[in-house]
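This is data31.txt (compact mmCIF, C-alpha atoms).
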# COMPACT_ATOMS: atom_id res chain seq x y z
CA MET M 214 135.36 -104.74 -21.07
CA SER M 215 135.21 -101.34 -19.36
CA GLU M 216 137.51 -100.26 -16.53
CA PRO M 217 136.39 -101.67 -13.17
CA ILE M 218 134.40 -99.38 -10.87
CA ARG M 219 134.95 -99.30 -7.10
CA VAL M 220 131.80 -99.95 -5.10
CA LEU M 221 131.68 -99.82 -1.31
CA VAL M 222 129.05 -101.49 0.85
CA THR M 223 129.15 -100.67 4.58
CA GLY M 224 127.56 -102.85 7.23
CA ALA M 225 128.81 -105.57 4.91
CA ALA M 226 128.54 -108.37 7.49
CA GLY M 227 124.86 -107.57 8.12
CA GLN M 228 121.73 -109.17 6.73
CA ILE M 229 120.78 -106.54 4.13
CA ALA M 230 124.29 -106.72 2.66
CA TYR M 231 124.05 -110.52 2.59
CA SER M 232 121.05 -110.20 0.25
CA LEU M 233 122.64 -107.32 -1.70
CA LEU M 234 126.20 -108.35 -2.51
CA TYR M 235 125.37 -111.18 -4.91
CA SER M 236 123.16 -108.89 -7.04
CA ILE M 237 125.92 -106.31 -7.28
CA GLY M 238 128.47 -108.97 -8.14
CA ASN M 239 126.41 -110.71 -10.81
CA GLY M 240 125.90 -107.60 -12.94
CA SER M 241 122.24 -106.92 -12.28
CA VAL M 242 122.93 -103.40 -10.93
CA PHE M 243 125.76 -101.95 -13.05
CA GLY M 244 125.32 -104.09 -16.14
CA LYS M 245 126.68 -107.39 -17.42
CA ASP M 246 129.84 -105.87 -18.94
CA GLN M 247 130.91 -103.69 -16.00
CA PRO M 248 133.73 -105.20 -13.90
CA ILE M 249 133.63 -104.33 -10.21
CA ILE M 250 136.05 -103.97 -7.33
CA LEU M 251 133.83 -104.59 -4.33
CA VAL M 252 134.86 -103.05 -1.01
CA LEU M 253 133.28 -104.34 2.19
CA LEU M 254 133.43 -102.26 5.39
CA ASP M 255 132.25 -103.24 8.83
CA ILE M 256 133.24 -102.65 12.46
CA THR M 257 136.19 -104.55 13.93
CA PRO M 258 134.13 -107.07 15.98
CA MET M 259 132.41 -108.18 12.75
CA MET M 260 135.61 -108.96 10.83
CA GLY M 261 135.33 -112.70 11.48
CA VAL M 262 131.83 -112.79 10.00
CA LEU M 263 132.95 -110.54 7.14
CA ASP M 264 135.67 -113.07 6.32
CA GLY M 265 132.95 -115.67 5.83
CA VAL M 266 131.09 -113.31 3.47
CA LEU M 267 134.33 -112.76 1.56
CA MET M 268 134.82 -116.53 1.20
CA GLU M 269 131.27 -116.94 -0.11
CA LEU M 270 131.72 -114.16 -2.67
CA GLN M 271 134.90 -115.89 -3.87
CA ASP M 272 132.98 -119.18 -4.01
CA CYS M 273 130.27 -117.59 -6.20
CA ALA M 274 133.01 -117.42 -8.89
CA LEU M 275 131.46 -114.27 -10.37
CA PRO M 276 133.20 -113.21 -13.60
CA LEU M 277 132.62 -109.47 -13.03
CA LEU M 278 134.19 -109.37 -9.58
CA LYS M 279 137.78 -108.29 -10.22
CA ASP M 280 138.58 -108.00 -6.52
CA VAL M 281 136.87 -108.09 -3.15
CA ILE M 282 138.39 -106.15 -0.26
CA ALA M 283 137.17 -106.63 3.32
CA THR M 284 138.27 -103.99 5.84
CA ASP M 285 137.45 -102.20 9.09
CA LYS M 286 139.46 -99.10 8.09
CA GLU M 287 137.77 -96.04 6.57
CA GLU M 288 140.91 -94.89 4.74
CA VAL M 289 141.00 -98.22 2.88
CA ALA M 290 137.23 -98.46 2.32
CA PHE M 291 136.60 -94.96 0.94
CA LYS M 292 139.59 -94.71 -1.38
CA ASP M 293 138.80 -93.74 -5.03
CA LEU M 294 135.15 -94.81 -4.82
CA ASP M 295 132.70 -94.54 -7.70
CA VAL M 296 129.73 -95.64 -5.59
CA ALA M 297 129.21 -95.82 -1.80
CA ILE M 298 126.22 -97.73 -0.43
CA LEU M 299 126.05 -96.90 3.28
CA VAL M 300 123.97 -99.66 4.82
CA GLY M 301 125.67 -99.87 8.21
CA SER M 302 124.23 -97.80 11.04
CA MET M 303 123.53 -98.08 14.74
CA PRO M 304 120.28 -100.07 15.02
CA ARG M 305 117.62 -99.03 17.48
CA ARG M 306 117.84 -101.07 20.65
CA GLU M 307 114.96 -101.87 23.00
CA GLY M 308 114.12 -98.86 25.15
CA MET M 309 116.29 -96.49 23.11
CA GLU M 310 115.01 -92.98 22.49
CA ARG M 311 115.05 -91.74 18.89
CA LYS M 312 117.34 -88.95 20.07
CA ASP M 313 119.95 -91.43 21.37
CA LEU M 314 119.76 -93.25 18.05
CA LEU M 315 120.26 -89.98 16.21
CA LYS M 316 123.29 -89.08 18.32
CA ALA M 317 125.01 -92.43 17.73
CA ASN M 318 124.40 -92.21 13.99
CA VAL M 319 125.52 -88.59 13.64
CA LYS M 320 128.90 -89.76 14.89
CA ILE M 321 129.08 -92.59 12.31
CA PHE M 322 127.91 -90.53 9.33
CA LYS M 323 130.01 -87.50 10.22
CA SER M 324 133.05 -89.76 10.15
CA GLN M 325 132.04 -91.50 6.91
CA GLY M 326 131.20 -88.17 5.25
CA ALA M 327 134.64 -86.86 6.17
CA ALA M 328 136.22 -90.05 4.77
CA LEU M 329 134.28 -89.62 1.50
CA ASP M 330 135.49 -86.01 1.34
CA LYS M 331 139.09 -87.02 1.89
CA TYR M 332 139.47 -90.27 -0.06
CA ALA M 333 136.63 -90.84 -2.60
CA LYS M 334 136.31 -89.50 -6.15
CA LYS M 335 134.46 -86.17 -6.26
CA SER M 336 132.02 -87.79 -8.69
CA VAL M 337 131.09 -90.54 -6.18
CA LYS M 338 127.40 -91.42 -5.88
CA VAL M 339 126.46 -91.94 -2.24
CA ILE M 340 123.34 -93.90 -1.26
CA VAL M 341 122.37 -93.98 2.42
CA VAL M 342 120.27 -96.88 3.69
CA GLY M 343 121.08 -97.00 7.42
CA ASN M 344 118.37 -95.39 9.54
CA PRO M 345 117.35 -92.68 10.22
CA ALA M 346 118.32 -92.61 6.53
CA ASN M 347 117.30 -89.06 5.54
CA THR M 348 119.10 -87.36 8.41
CA ASN M 349 122.11 -89.70 8.20
CA CYS M 350 122.38 -88.78 4.53
CA LEU M 351 122.23 -85.05 5.29
CA THR M 352 124.89 -85.49 8.00
CA ALA M 353 127.21 -87.31 5.57
CA SER M 354 126.68 -84.67 2.89
CA LYS M 355 127.37 -81.78 5.30
CA SER M 356 130.57 -83.58 6.37
CA ALA M 357 131.72 -83.88 2.73
CA PRO M 358 131.64 -80.26 1.49
CA SER M 359 133.78 -80.97 -1.59
CA ILE M 360 131.30 -83.54 -3.00
CA PRO M 361 128.21 -82.04 -4.70
CA LYS M 362 125.17 -82.44 -2.45
CA GLU M 363 123.19 -83.73 -5.44
CA ASN M 364 125.45 -86.83 -5.34
CA PHE M 365 123.86 -87.90 -2.04
CA SER M 366 120.54 -89.73 -1.90
CA CYS M 367 118.78 -91.93 0.61
CA LEU M 368 116.65 -95.00 0.09
CA THR M 369 112.87 -94.55 -0.02
CA ARG M 370 112.58 -97.00 -2.91
CA LEU M 371 111.57 -99.77 -0.51
CA ASP M 372 108.55 -97.68 0.54
CA HIS M 373 107.92 -96.89 -3.14
CA ASN M 374 107.99 -100.60 -4.03
CA ARG M 375 105.74 -101.42 -1.06
CA ALA M 376 103.21 -98.86 -2.31
CA LYS M 377 103.35 -100.26 -5.85
CA ALA M 378 102.86 -103.79 -4.55
CA GLN M 379 99.84 -102.87 -2.39
CA ILE M 380 98.07 -101.26 -5.36
CA ALA M 381 98.93 -104.23 -7.62
CA LEU M 382 97.62 -106.72 -5.03
CA LYS M 383 94.40 -104.78 -4.59
CA LEU M 384 93.78 -104.68 -8.36
CA GLY M 385 95.00 -108.19 -9.13
CA VAL M 386 97.74 -107.02 -11.51
CA THR M 387 101.54 -107.32 -11.31
CA ALA M 388 103.66 -104.58 -9.73
CA ASN M 389 105.06 -103.84 -13.18
CA ASP M 390 101.62 -102.64 -14.29
CA VAL M 391 101.70 -99.87 -11.66
CA LYS M 392 103.87 -96.77 -12.12
CA ASN M 393 104.47 -93.28 -10.74
CA VAL M 394 103.55 -93.81 -7.12
CA ILE M 395 105.33 -91.26 -4.92
CA ILE M 396 106.83 -91.38 -1.45
CA TRP M 397 107.09 -87.88 0.00
CA GLY M 398 109.26 -86.98 2.97
CA ASN M 399 110.97 -89.04 5.63
CA HIS M 400 111.70 -92.76 5.58
CA SER M 401 109.71 -93.11 8.80
CA SER M 402 106.08 -93.64 9.74
CA THR M 403 105.32 -90.00 8.74
CA GLN M 404 106.19 -90.69 5.08
CA TYR M 405 103.34 -89.99 2.67
CA PRO M 406 102.67 -92.62 -0.01
CA ASP M 407 100.79 -90.71 -2.73
CA VAL M 408 98.98 -92.35 -5.65
CA ASN M 409 97.18 -89.25 -6.96
CA HIS M 410 99.50 -89.28 -9.99
CA ALA M 411 99.98 -93.05 -10.27
CA LYS M 412 98.83 -95.05 -13.28
CA VAL M 413 97.89 -98.69 -13.66
CA LYS M 414 97.68 -100.77 -16.81
CA LEU M 415 94.30 -102.49 -17.05
CA GLN M 416 93.30 -104.44 -20.18
CA GLY M 417 96.14 -102.75 -22.07
CA LYS M 418 95.01 -99.20 -21.11
CA GLU M 419 96.66 -96.84 -18.62
CA VAL M 420 94.22 -95.61 -16.01
CA GLY M 421 94.68 -93.40 -12.93
CA VAL M 422 94.84 -95.48 -9.74
CA TYR M 423 92.00 -93.52 -8.05
CA GLU M 424 89.82 -94.11 -11.10
CA ALA M 425 90.76 -97.79 -11.33
CA LEU M 426 90.17 -98.55 -7.65
CA LYS M 427 87.11 -96.39 -6.97
CA ASP M 428 87.84 -96.74 -3.25
CA ASP M 429 89.03 -93.36 -1.96
CA SER M 430 88.64 -94.26 1.70
CA TRP M 431 91.01 -97.24 1.35
CA LEU M 432 93.54 -95.12 -0.59
CA LYS M 433 93.48 -92.34 2.00
CA GLY M 434 93.32 -94.67 5.00
CA GLU M 435 94.42 -98.28 5.17
CA PHE M 436 96.70 -98.05 2.11
CA VAL M 437 98.68 -95.16 3.61
CA THR M 438 99.07 -96.76 7.04
CA THR M 439 99.96 -100.18 5.59
CA VAL M 440 102.86 -98.69 3.63
CA GLN M 441 103.95 -96.44 6.53
CA GLN M 442 104.03 -99.36 8.96
CA ARG M 443 105.13 -102.19 6.69
CA GLY M 444 108.66 -102.31 8.14
CA ALA M 445 107.29 -102.84 11.66
CA ALA M 446 104.89 -105.52 10.36
CA VAL M 447 107.80 -107.45 8.81
CA ILE M 448 109.78 -107.24 12.08
CA LYS M 449 106.77 -108.47 14.04
CA ALA M 450 106.37 -111.47 11.72
CA ARG M 451 109.98 -112.36 11.00
CA LYS M 452 111.57 -111.13 14.24
CA LEU M 453 114.10 -109.53 11.87
CA SER M 454 113.91 -106.41 9.74
CA SER M 455 113.31 -106.43 5.98
CA ALA M 456 116.46 -107.61 4.22
CA MET M 457 115.54 -109.26 0.91
CA SER M 458 113.13 -106.46 -0.03
CA ALA M 459 115.53 -103.76 1.19
CA ALA M 460 118.35 -105.23 -0.92
CA LYS M 461 116.06 -105.37 -3.98
CA ALA M 462 115.09 -101.71 -3.45
CA ILE M 463 118.77 -100.69 -3.16
CA CYS M 464 119.45 -102.44 -6.48
CA ASP M 465 116.52 -100.61 -8.12
CA HIS M 466 117.66 -97.25 -6.70
CA VAL M 467 121.31 -97.62 -7.74
CA ARG M 468 120.47 -99.09 -11.17
CA ASP M 469 118.22 -96.10 -11.89
CA ILE M 470 120.98 -93.67 -10.90
CA TRP M 471 123.39 -95.53 -13.16
CA PHE M 472 121.17 -96.10 -16.23
CA GLY M 473 118.38 -93.54 -15.80
CA THR M 474 114.62 -93.92 -15.38
CA PRO M 475 112.42 -95.24 -18.21
CA GLU M 476 110.65 -92.68 -20.41
CA GLY M 477 107.41 -91.48 -18.82
CA GLU M 478 108.23 -92.95 -15.41
CA PHE M 479 109.42 -91.42 -12.19
CA VAL M 480 110.73 -92.93 -8.95
CA SER M 481 111.04 -91.83 -5.33
CA MET M 482 114.32 -91.06 -3.59
CA GLY M 483 115.46 -88.90 -0.72
CA VAL M 484 117.42 -85.96 -2.15
CA ILE M 485 118.37 -82.43 -1.11
CA SER M 486 115.24 -80.26 -1.23
CA ASP M 487 116.91 -77.06 -2.50
CA GLY M 488 114.93 -75.41 -5.30
CA ASN M 489 111.93 -77.73 -5.23
CA SER M 490 108.54 -76.32 -6.31
CA TYR M 491 106.44 -78.17 -3.71
CA GLY M 492 106.83 -75.85 -0.75
CA VAL M 493 109.25 -78.14 1.09
CA PRO M 494 111.84 -76.06 3.00
CA ASP M 495 115.37 -75.97 1.52
CA ASP M 496 118.26 -77.89 3.07
CA LEU M 497 116.25 -80.97 4.00
CA LEU M 498 116.93 -84.46 2.74
CA TYR M 499 113.36 -85.26 1.64
CA SER M 500 111.90 -87.94 -0.61
CA PHE M 501 110.57 -86.57 -3.92
CA PRO M 502 109.47 -87.94 -7.27
CA VAL M 503 112.49 -87.72 -9.60
CA VAL M 504 113.53 -88.60 -13.12
CA ILE M 505 117.15 -89.53 -13.82
CA LYS M 506 119.23 -89.05 -16.94
CA ASN M 507 123.04 -89.17 -17.39
CA LYS M 508 123.40 -90.11 -13.71
CA THR M 509 121.71 -86.82 -12.71
CA TRP M 510 118.30 -86.58 -11.04
CA LYS M 511 115.72 -83.84 -11.50
CA PHE M 512 112.54 -83.13 -9.57
CA VAL M 513 109.33 -84.04 -11.37
CA GLU M 514 107.73 -80.61 -11.66
CA GLY M 515 104.17 -79.33 -11.85
CA LEU M 516 102.22 -82.12 -10.13
CA PRO M 517 99.05 -80.64 -8.60
CA ILE M 518 98.93 -81.12 -4.83
CA ASN M 519 95.52 -81.39 -3.13
CA ASP M 520 94.79 -80.38 0.49
CA PHE M 521 94.99 -83.95 1.80
CA SER M 522 98.47 -84.34 0.27
CA ARG M 523 99.62 -80.90 1.41
CA GLU M 524 98.89 -81.69 5.04
CA LYS M 525 100.72 -85.01 4.89
CA MET M 526 103.71 -83.49 3.05
CA ASP M 527 104.02 -80.70 5.64
CA LEU M 528 103.81 -83.13 8.55
CA THR M 529 106.75 -85.22 7.36
CA ALA M 530 108.73 -82.05 6.54
CA LYS M 531 108.18 -80.88 10.12
CA GLU M 532 109.53 -84.18 11.48
CA LEU M 533 112.59 -83.91 9.21
CA THR M 534 113.23 -80.32 10.32
CA GLU M 535 113.18 -81.42 13.98
CA GLU M 536 115.47 -84.38 13.27
CA LYS M 537 117.86 -82.12 11.41
CA GLU M 538 117.97 -79.63 14.28
CA SER M 539 118.78 -82.37 16.82
CA ALA M 540 121.37 -83.89 14.50
CA PHE M 541 123.09 -80.55 13.92
CA GLU M 542 123.35 -79.94 17.68
CA PHE M 543 125.19 -83.26 17.94
CA LEU M 544 127.17 -82.53 14.78
CA SER M 545 128.72 -79.36 16.15
CA SER M 546 129.69 -81.16 19.36
CA ALA M 547 130.64 -84.54 17.81

What do you get writing this file as structure tokens?
Amino acid sequence: MSEPIRVLVTGAAGQIAYSLLYSIGNGSVFGKDQPIILVLLDITPMMGVLDGVLMELQDCALPLLKDVIATDKEEVAFKDLDVAILVGSMPRREGMERKDLLKANVKIFKSQGAALDKYAKKSVKVIVVGNPANTNCLTASKSAPSIPKENFSCLTRLDHNRAKAQIALKLGVTANDVKNVIIWGNHSSTQYPDVNHAKVKLQGKEVGVYEALKDDSWLKGEFVTTVQQRGAAVIKARKLSSAMSAAKAICDHVRDIWFGTPEGEFVSMGVISDGNSYGVPDDLLYSFPVVIKNKTWKFVEGLPINDFSREKMDLTAKELTEEKESAFEFLSSA
């Protein structure tokens, strides 16, 4: 057995965490021979609920869980971490402006970034899920100057999986037969799901998705908007936001960081844009196609970008630049 790793989940009393914690504990993220010390952080009013989650994790009798620690204190939660999954954030309330939401979250992620800087291992991998995820991730990274910015990523894998699933449904294949879809930009309704470089396995042969579907107007229209607005559609139907699918996407994202991406495949994640070759401004936390090896991601280089894609990629970059500017105003005053 290897040494246990310390994994933090914030917002641990919430519904995404409730779908996520069992998968982490049963070995399907870090492997079946990797013991785990699981740290659960939430705000003080949620400690009663978190106690119930703690009891259930104990009752799962999971052999890999060496210890489970529930806390409302950052200095306890962030100590010596190998992995931090930041799910907790201020949710958008009815009638709340995006700016108010941004302000509340800058405060949270500035504080958590500073705690990572002070208490966590410098090699910690930080995954931000709480929305607005890209800008929260950038805020945390800026507040943790001693941790390499490449160690921070935000979740766009849910959008990536949604895009894969839509293509698979349309073609009557399984999601596993579809690869190399891309989510560019912000985890918001300006994100750009791009299948120009995606492949699908049909009758044992790999074919480009555009070629397989022969329906450009669907791919440039309804497909894009369905993926962009899927989160809202789930809320409308369930009266709750996506939890099971979000937890599955977090597992995919973290597992790929840990074990790498399969040969010939790339995935989408929000990462620091510095040095990209796609004309996205530096110092944004933007979703790109990446490959991962030895726990280190690299941009997928050299993909041709058509005019339709260019416009969509620029639009979401513009939104991220505006979000960043607002966040940094709050950051200097927070």

Atom CA of M:Val252 to atom CA of M:Ser500, straight-line distance in Å: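 Between atom CA of M:Ser500 and atom CA of M:Val252 the gap is 27.5 Å.
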
7 Å contact set for stretch 446-462 of chain M, only C-alpha atoms, chain neighbours under 4 positions out, as number ranges by chain: M: 228-229, 232-233, 370-371, 442, 466

Keeping only C-alpha atoms, take the residues you just selected and write them out as a compact mmCIF listing (two decimals), in the coordinates of the input.
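So the final result, stored in part14.txt, reads:
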# COMPACT_ATOMS: atom_id res chain seq x y z
CA GLN M 228 121.73 -109.17 6.73
CA ILE M 229 120.78 -106.54 4.13
CA SER M 232 121.05 -110.20 0.25
CA LEU M 233 122.64 -107.32 -1.70
CA ARG M 370 112.58 -97.00 -2.91
CA LEU M 371 111.57 -99.77 -0.51
CA GLN M 442 104.03 -99.36 8.96
CA HIS M 466 117.66 -97.25 -6.70

Length of the atom CA of M:Tyr235 to atom CA of M:Val289 vector [Å]: 21.7 Å

Within 9 Å of M:Met214 using all atoms listed in the file, minus same-chain residues under 6 positions, as a list in words: Asp246, Gln247 and Pro248 of chain M

Residue nearest M:Pro345 among M:Gly301, M:Pro276, M:Pro517, M:Gly244 (counting all atoms listed in the file):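 Between M:Gly301, M:Pro276, M:Pro517, M:Gly244, the residue approaching M:Pro345 most closely is M:Gly301.
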
Computed interatomic separation between atom CA of M:Leu528 and atom CA of M:Thr438 (Å):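 About the pair atom CA of M:Leu528 and atom CA of M:Thr438: they are 14.5 Å apart.
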
Of the listed residues M:Asp285, M:Leu382, M:Thr534, M:Val437, that which approaches M:Asp264 most closely, counting all atoms listed in the file: M:Asp285
